[in-house]
file model.cif (mmCIF, C-alpha atoms)
data_upload
#
loop_
_atom_site.label_atom_id
_atom_site.label_comp_id
_atom_site.auth_asym_id
_atom_site.auth_seq_id
_atom_site.Cartn_x
_atom_site.Cartn_y
_atom_site.Cartn_z
CA MET A 1 25.14 -9.96 -11.75
CA SER A 2 27.05 -11.50 -14.68
CA ILE A 3 28.64 -14.96 -14.72
CA ALA A 4 32.08 -13.35 -14.92
CA GLU A 5 31.39 -11.36 -11.76
CA ILE A 6 30.16 -14.49 -9.97
CA LEU A 7 33.26 -16.46 -10.98
CA ASP A 8 35.62 -13.66 -9.96
CA GLN A 9 35.00 -14.02 -6.22
CA PRO A 10 37.15 -15.06 -3.23
CA ALA A 11 36.86 -18.45 -1.52
CA VAL A 12 33.94 -17.33 0.65
CA VAL A 13 31.34 -14.72 -0.22
CA PRO A 14 28.70 -12.79 1.74
CA LEU A 15 25.11 -13.93 1.50
CA TRP A 16 24.15 -10.53 0.16
CA PRO A 17 24.56 -9.57 -2.57
CA ILE A 18 26.82 -12.31 -3.95
CA VAL A 19 24.54 -15.25 -3.07
CA GLY A 20 21.15 -13.55 -3.11
CA ARG A 21 21.31 -11.65 -6.38
CA PRO A 22 22.17 -14.59 -8.67
CA LEU A 23 19.19 -16.40 -7.12
CA LEU A 24 16.93 -13.38 -7.87
CA LEU A 25 16.25 -12.86 -4.16
CA ALA A 26 15.82 -9.63 -2.26
CA GLU A 27 18.19 -8.94 0.64
CA SER A 28 15.56 -9.60 3.30
CA THR A 29 14.48 -12.85 1.60
CA THR A 30 18.09 -14.02 1.34
CA TYR A 31 18.67 -13.66 5.08
CA GLN A 32 15.27 -15.16 5.90
CA LEU A 33 15.99 -18.29 3.85
CA ALA A 34 19.43 -18.50 5.43
CA ALA A 35 17.90 -18.37 8.91
CA GLU A 36 15.47 -21.14 7.90
CA ASN A 37 18.26 -23.24 6.34
CA ARG A 38 16.54 -23.03 2.96
CA LEU A 39 19.31 -21.53 0.84
CA PRO A 40 20.75 -23.95 -1.74
CA VAL A 41 24.25 -23.43 -0.32
CA GLU A 42 25.73 -24.08 3.11
CA VAL A 43 25.73 -21.04 5.36
CA ILE A 44 28.95 -20.62 7.35
CA ARG A 45 29.22 -18.40 10.40
CA LEU A 46 32.42 -16.37 10.78
CA LYS A 47 32.01 -14.54 14.07
CA ARG A 48 29.03 -12.26 13.37
CA ARG A 49 29.14 -12.73 9.62
CA ARG A 50 27.31 -15.33 7.59
CA VAL A 51 29.02 -16.38 4.36
CA ALA A 52 28.95 -19.18 1.81
CA ARG A 53 31.67 -21.06 -0.02
CA THR A 54 32.10 -19.75 -3.53
CA VAL A 55 32.48 -23.27 -4.91
CA ASP A 56 29.07 -24.23 -3.47
CA LEU A 57 27.45 -21.28 -5.21
CA HIS A 58 29.23 -22.12 -8.48
CA ARG A 59 28.12 -25.74 -8.21
CA PHE A 60 24.48 -24.81 -7.59
CA LEU A 61 24.45 -22.34 -10.49
CA GLY A 62 25.93 -24.98 -12.79
CA LEU A 63 29.17 -23.08 -13.29
CA LEU A 64 31.33 -26.11 -12.40
CA PRO A 65 31.69 -29.23 -14.57
CA GLU A 66 29.37 -32.00 -13.39
CA GLU A 67 31.14 -34.95 -11.85
CA ASN A 68 30.23 -38.37 -13.27
CA GLY A 69 27.13 -36.87 -14.82
CA ALA A 70 25.58 -36.16 -11.43
CA ALA A 71 23.47 -33.09 -10.87
CA PRO A 72 24.98 -30.22 -8.85
CA THR A 73 24.65 -30.82 -5.10
CA TYR A 74 25.50 -28.93 -1.97
CA GLN A 75 26.39 -29.95 1.56
CA ALA A 76 24.24 -28.79 4.46
CA GLY A 77 26.59 -28.60 7.46
CA ALA A 78 25.94 -27.99 11.14
CA SER A 79 26.86 -24.35 10.84
CA ALA A 80 23.75 -23.84 8.68
CA GLY A 81 21.55 -25.18 11.46
CA ASN A 82 20.43 -28.19 9.40
CA ASP A 83 17.92 -30.52 11.08
CA GLU A 84 17.33 -32.79 8.08
CA GLY A 85 20.09 -35.36 7.87
CA GLY A 86 22.83 -33.69 9.90
CA PRO A 87 26.25 -32.45 8.79
CA GLY A 88 27.52 -33.58 5.44
CA THR A 89 24.14 -34.59 4.03
CA GLY A 90 24.13 -34.16 0.23
CA ARG A 91 21.12 -32.49 -1.34
CA THR A 92 20.18 -31.99 -4.96
CA ALA A 93 18.96 -28.52 -5.90
CA SER A 94 15.55 -29.34 -7.42
CA VAL A 95 13.03 -27.34 -9.43
CA GLU A 96 10.71 -27.48 -6.41
CA GLN A 97 13.38 -25.81 -4.24
CA ILE A 98 13.90 -23.05 -6.78
CA ARG A 99 10.13 -22.52 -6.99
CA THR A 100 10.00 -22.27 -3.18
CA TYR A 101 12.74 -19.64 -3.17
CA ARG A 102 10.88 -17.60 -5.75
CA GLU A 103 7.56 -17.89 -3.90
CA VAL A 104 9.17 -16.67 -0.68
CA ARG A 105 10.91 -13.89 -2.61
CA ASP A 106 7.65 -12.74 -4.22
CA ARG A 107 5.73 -12.92 -0.95
CA ASN A 108 8.34 -10.89 0.89
CA SER A 109 8.51 -8.38 -1.95
CA SER A 110 4.73 -7.85 -1.76
CA MET A 111 4.84 -7.56 2.02
CA HIS A 112 7.66 -5.01 1.73
CA ARG A 113 5.64 -2.86 -0.68
CA ILE A 114 2.59 -3.02 1.59
CA ALA A 115 4.74 -2.09 4.58
CA GLN A 116 6.20 0.89 2.72
CA THR A 117 2.77 2.26 1.82
CA SER A 118 1.31 1.74 5.28
CA THR A 119 4.21 2.73 7.55
CA SER A 120 2.67 6.04 8.59
CA THR A 121 -0.76 4.51 9.24
CA ALA A 122 0.73 1.60 11.19
CA THR A 123 2.80 3.95 13.34
CA GLN A 124 -0.22 6.07 14.14
CA ARG A 125 -2.25 2.96 14.98
CA LEU A 126 0.46 1.64 17.30
CA ASP A 127 0.64 5.03 19.02
CA ARG A 128 -3.12 5.02 19.57
CA GLU A 129 -3.06 1.44 20.83
CA SER A 130 -0.29 2.30 23.29
CA VAL A 131 -2.29 5.24 24.63
CA HIS A 132 -5.49 3.20 24.83
CA ALA A 133 -3.72 0.35 26.64
CA ALA A 134 -2.63 2.75 29.39
CA GLU A 135 -6.00 4.46 29.89
CA THR A 136 -8.32 3.72 32.79
CA PRO A 137 -11.76 2.12 32.34
CA ALA A 138 -13.42 5.48 33.11
CA ALA A 139 -11.29 7.24 30.51
CA ARG A 140 -12.08 4.53 27.96
CA ASP A 141 -15.83 4.87 28.58
CA ALA A 142 -15.58 8.66 28.24
CA ARG A 143 -13.68 8.28 24.96
CA ILE A 144 -16.30 5.88 23.59
CA GLU A 145 -19.15 8.18 24.61
CA ASP A 146 -17.41 11.11 22.95
CA ALA A 147 -17.02 9.11 19.73
CA VAL A 148 -20.70 8.13 19.81
CA ASP A 149 -21.71 11.77 20.32
CA ARG A 150 -19.63 12.85 17.34
CA ILE A 151 -21.17 10.15 15.15
CA LEU A 152 -24.70 11.09 16.21
CA ALA A 153 -23.93 14.77 15.58
CA GLU A 154 -22.77 13.97 12.06
CA LEU A 155 -25.89 11.89 11.41
CA ALA A 156 -28.10 14.71 12.69
CA LYS A 157 -26.66 17.23 10.26
CA PRO A 158 -28.97 18.06 7.35
CA THR A 159 -27.92 16.80 3.95
CA PRO A 160 -26.82 19.27 1.24
CA THR A 161 -30.23 18.88 -0.40
CA GLU A 162 -32.02 19.64 2.87
CA GLN A 163 -29.80 22.67 3.49
CA LEU A 164 -30.47 23.97 -0.04
CA HIS A 165 -34.22 23.63 0.36
CA ALA A 166 -34.01 25.50 3.66
CA VAL A 167 -32.11 28.41 2.06
CA LEU A 168 -34.49 28.62 -0.89
CA SER A 169 -37.59 28.46 1.33
CA GLU A 170 -36.25 31.12 3.67
CA HIS A 171 -35.76 33.59 0.83
CA GLY A 172 -38.70 32.55 -1.33
CA ILE A 173 -36.59 31.34 -4.24
CA GLN A 174 -37.76 28.80 -6.80
CA LEU A 175 -35.29 26.21 -8.07
CA ILE A 176 -35.45 25.01 -11.68
CA GLU A 177 -33.31 22.28 -13.22
CA TRP A 178 -32.27 22.73 -16.84
CA ASP A 179 -30.34 20.49 -19.25
CA PRO A 180 -27.33 22.49 -20.49
CA SER A 181 -26.31 19.95 -23.17
CA GLY A 182 -27.42 22.36 -25.91
CA LEU A 183 -24.95 25.04 -24.81
CA PRO A 184 -21.47 25.43 -26.34
CA GLU A 185 -18.87 23.43 -24.45
CA ASP A 186 -17.17 26.44 -22.84
CA LEU A 187 -20.50 27.75 -21.50
CA ARG A 188 -21.71 24.30 -20.49
CA ASP A 189 -18.58 23.58 -18.42
CA GLY A 190 -18.87 26.93 -16.61
CA PHE A 191 -22.59 26.67 -15.83
CA TYR A 192 -23.20 25.99 -12.12
CA ALA A 193 -26.15 28.22 -11.20
CA PHE A 194 -27.98 31.19 -12.74
CA TYR A 195 -30.07 33.73 -10.79
CA ILE A 196 -33.15 35.41 -12.31
CA GLU A 197 -35.37 37.97 -10.58
CA THR A 198 -38.36 39.35 -12.52
CA ALA A 199 -41.54 41.00 -11.20
CA GLY A 200 -40.60 40.13 -7.65
CA ARG A 201 -40.11 36.49 -8.50
CA LYS A 202 -36.74 34.94 -7.63
CA THR A 203 -35.54 31.90 -9.55
CA ILE A 204 -32.30 29.94 -9.64
CA VAL A 205 -31.58 27.71 -12.62
CA VAL A 206 -29.16 24.82 -12.07
CA PRO A 207 -27.91 22.07 -14.42
CA THR A 208 -29.69 18.74 -14.36
CA GLY A 209 -27.82 16.00 -12.50
CA GLN A 210 -25.60 18.36 -10.52
CA ALA A 211 -24.16 16.84 -7.33
CA PRO A 212 -26.07 18.07 -4.23
CA ALA A 213 -22.95 19.38 -2.46
CA HIS A 214 -21.79 21.23 -5.59
CA ARG A 215 -25.27 22.64 -6.11
CA LEU A 216 -25.46 23.91 -2.53
CA ALA A 217 -22.06 25.58 -2.80
CA ALA A 218 -22.90 27.17 -6.18
CA VAL A 219 -26.24 28.53 -4.95
CA ARG A 220 -24.68 29.97 -1.80
CA VAL A 221 -21.94 31.73 -3.77
CA LEU A 222 -24.47 33.06 -6.27
CA LEU A 223 -26.89 34.34 -3.61
CA THR A 224 -24.05 35.96 -1.68
CA HIS A 225 -22.93 37.70 -4.87
CA GLN A 226 -26.50 38.88 -5.47
CA GLY A 227 -26.74 40.22 -1.93
CA VAL A 228 -29.46 37.79 -0.90
CA LEU A 229 -27.18 36.11 1.64
CA ALA A 230 -24.89 38.04 3.94
#
call {"tool": "encode", "arguments": {"input": "model.cif", "output": "structure tokens"}}
result
Amino acid sequence: MSIAEILDQPAVVPLWPIVGRPLLLAESTTYQLAAENRLPVEVIRLKRRRVARTVDLHRFLGLLPEENGAAPTYQAGASAGNDEGGPGTGRTASVEQIRTYREVRDRNSSMHRIAQTSTSTATQRLDRESVHAAETPAARDARIEDAVDRILAELAKPTPTEQLHAVLSEHGIQLIEWDPSGLPEDLRDGFYAFYIETAGRKTIVVPTGQAPAHRLAAVRVLLTHQGVLA
């Protein structure tokens, strides 16, 4: 917001955006500071609206000539809910105050970003908590036992390496690892598994360092293509 736009305002202005934007505050931070009586201008209530005097904003921003060389001040009246000195108490807008406004602005901005990225997760969590709060002790115990059973079932599953060894042993296939770094790049990138069967001997060649899950999937696809697996 330019200085010309700030100066071209009526006698009273809304807290947002006229007061908040020149102070580099977000809308939510502006209203929070107003509720805490921490804005550098007096907050005036007009029915349901909260406004500020334009002259107070101009004075704080240094847009009015200083009187007798004094620093710009503002009056904290009763309508702002001031508890520090009562109505009519003059305050000087200090560097520490401005730093406080910016710290609150930055904290609220970070919290807003976090809230935006976690809205879906938070909603799901609240839904689960509401359901869990209404469940009976027996239902809770059953839910916990079911969760434990699922965890134990997952732990009991064989690893990809164990599954691969089982498939190879069942069909009498030997597994050989081979370093494909000497191959051309296009062949090296497309090399996942290679099946060889000579004189009744079955062999699968796989690249060295291949991830177990990828190796298992590649071998299964290859053996299915060769008719070894149904």
call {"tool": "residues_around", "arguments": {"input": "model.cif", "residues": "His214 in chain A", "least_positions_apart": "5", "cutoff": "10 Å", "atoms": "all atoms listed in the file", "output": "list in words"}}
result
Pro160, Tyr192, Ala193, Val219 and Arg220 of chain A
call {"tool": "closest_residue", "arguments": {"input": "model.cif", "among": "A:Glu197, A:Asp56, A:Asp141, A:Glu36", "to": "Gly172 in chain A", "atoms": "all atoms listed in the file"}}
result
A:Glu197
call {"tool": "closest_residue", "arguments": {"input": "model.cif", "among": "A:Val41, A:Val206, A:Val167, A:Leu15", "to": "Pro180 in chain A", "atoms": "only C-alpha atoms"}}
result
A:Val206
call {"tool": "atom_distance", "arguments": {"input": "model.cif", "atom1": "CA of Pro10 in chain A", "atom2": "CA of Thr54 in chain A"}}
result
6.9 Å
call {"tool": "resolve_selection", "arguments": {"input": "model.cif", "expression": "the PyMOL selection byres ((chain A and resi 223) around 12)", "output": "number ranges by chain"}}
result
A: 164, 167-168, 171, 173, 193-197, 202-204, 216-222, 224-230
call {"tool": "write_last_selection", "arguments": {"input": "model.cif", "atoms": "C-alpha atoms", "output": "PDB file, keeping the file's coordinate frame"}}
result
ATOM      1  CA  LEU A 164     -30.470  23.970  -0.040  1.00  0.00           C
ATOM      2  CA  VAL A 167     -32.110  28.410   2.060  1.00  0.00           C
ATOM      3  CA  LEU A 168     -34.490  28.620  -0.890  1.00  0.00           C
ATOM      4  CA  HIS A 171     -35.760  33.590   0.830  1.00  0.00           C
ATOM      5  CA  ILE A 173     -36.590  31.340  -4.240  1.00  0.00           C
ATOM      6  CA  ALA A 193     -26.150  28.220 -11.200  1.00  0.00           C
ATOM      7  CA  PHE A 194     -27.980  31.190 -12.740  1.00  0.00           C
ATOM      8  CA  TYR A 195     -30.070  33.730 -10.790  1.00  0.00           C
ATOM      9  CA  ILE A 196     -33.150  35.410 -12.310  1.00  0.00           C
ATOM     10  CA  GLU A 197     -35.370  37.970 -10.580  1.00  0.00           C
ATOM     11  CA  LYS A 202     -36.740  34.940  -7.630  1.00  0.00           C
ATOM     12  CA  THR A 203     -35.540  31.900  -9.550  1.00  0.00           C
ATOM     13  CA  ILE A 204     -32.300  29.940  -9.640  1.00  0.00           C
ATOM     14  CA  LEU A 216     -25.460  23.910  -2.530  1.00  0.00           C
ATOM     15  CA  ALA A 217     -22.060  25.580  -2.800  1.00  0.00           C
ATOM     16  CA  ALA A 218     -22.900  27.170  -6.180  1.00  0.00           C
ATOM     17  CA  VAL A 219     -26.240  28.530  -4.950  1.00  0.00           C
ATOM     18  CA  ARG A 220     -24.680  29.970  -1.800  1.00  0.00           C
ATOM     19  CA  VAL A 221     -21.940  31.730  -3.770  1.00  0.00           C
ATOM     20  CA  LEU A 222     -24.470  33.060  -6.270  1.00  0.00           C
ATOM     21  CA  THR A 224     -24.050  35.960  -1.680  1.00  0.00           C
ATOM     22  CA  HIS A 225     -22.930  37.700  -4.870  1.00  0.00           C
ATOM     23  CA  GLN A 226     -26.500  38.880  -5.470  1.00  0.00           C
ATOM     24  CA  GLY A 227     -26.740  40.220  -1.930  1.00  0.00           C
ATOM     25  CA  VAL A 228     -29.460  37.790  -0.900  1.00  0.00           C
ATOM     26  CA  LEU A 229     -27.180  36.110   1.640  1.00  0.00           C
ATOM     27  CA  ALA A 230     -24.890  38.040   3.940  1.00  0.00           C
TER      28      ALA A 230
END
call {"tool": "atom_distance", "arguments": {"input": "model.cif", "atom1": "CA of Val205 in chain A", "atom2": "CA of Asp179 in chain A"}}
result
9.9 Å
call {"tool": "residues_around", "arguments": {"input": "model.cif", "residues": "Val51 in chain A", "least_positions_apart": "6", "cutoff": "12 Å", "atoms": "only C-alpha atoms", "output": "list of chain:residue names"}}
result
A:Pro10, A:Ala11, A:Val12, A:Val13, A:Pro14, A:Leu15, A:Trp16, A:Pro17, A:Ile18, A:Val19, A:Gly20, A:Thr30, A:Tyr31, A:Ala34, A:Leu39, A:Val41, A:Glu42, A:Val43, A:Ile44, A:Arg45, A:Leu57, A:Ser79, A:Ala80
call {"tool": "closest_residue", "arguments": {"input": "model.cif", "among": "A:Leu33, A:Ala142, A:Leu23, A:Asp189", "to": "Leu61 in chain A", "atoms": "all atoms listed in the file"}}
result
A:Leu23
call {"tool": "closest_residue", "arguments": {"input": "model.cif", "among": "A:Leu183, A:Leu63, A:Ala213, A:Leu46", "to": "Glu162 in chain A", "atoms": "all atoms listed in the file"}}
result
A:Ala213
call {"tool": "atom_distance", "arguments": {"input": "model.cif", "atom1": "CA of Gly209 in chain A", "atom2": "CA of Phe191 in chain A"}}
result
12.3 Å
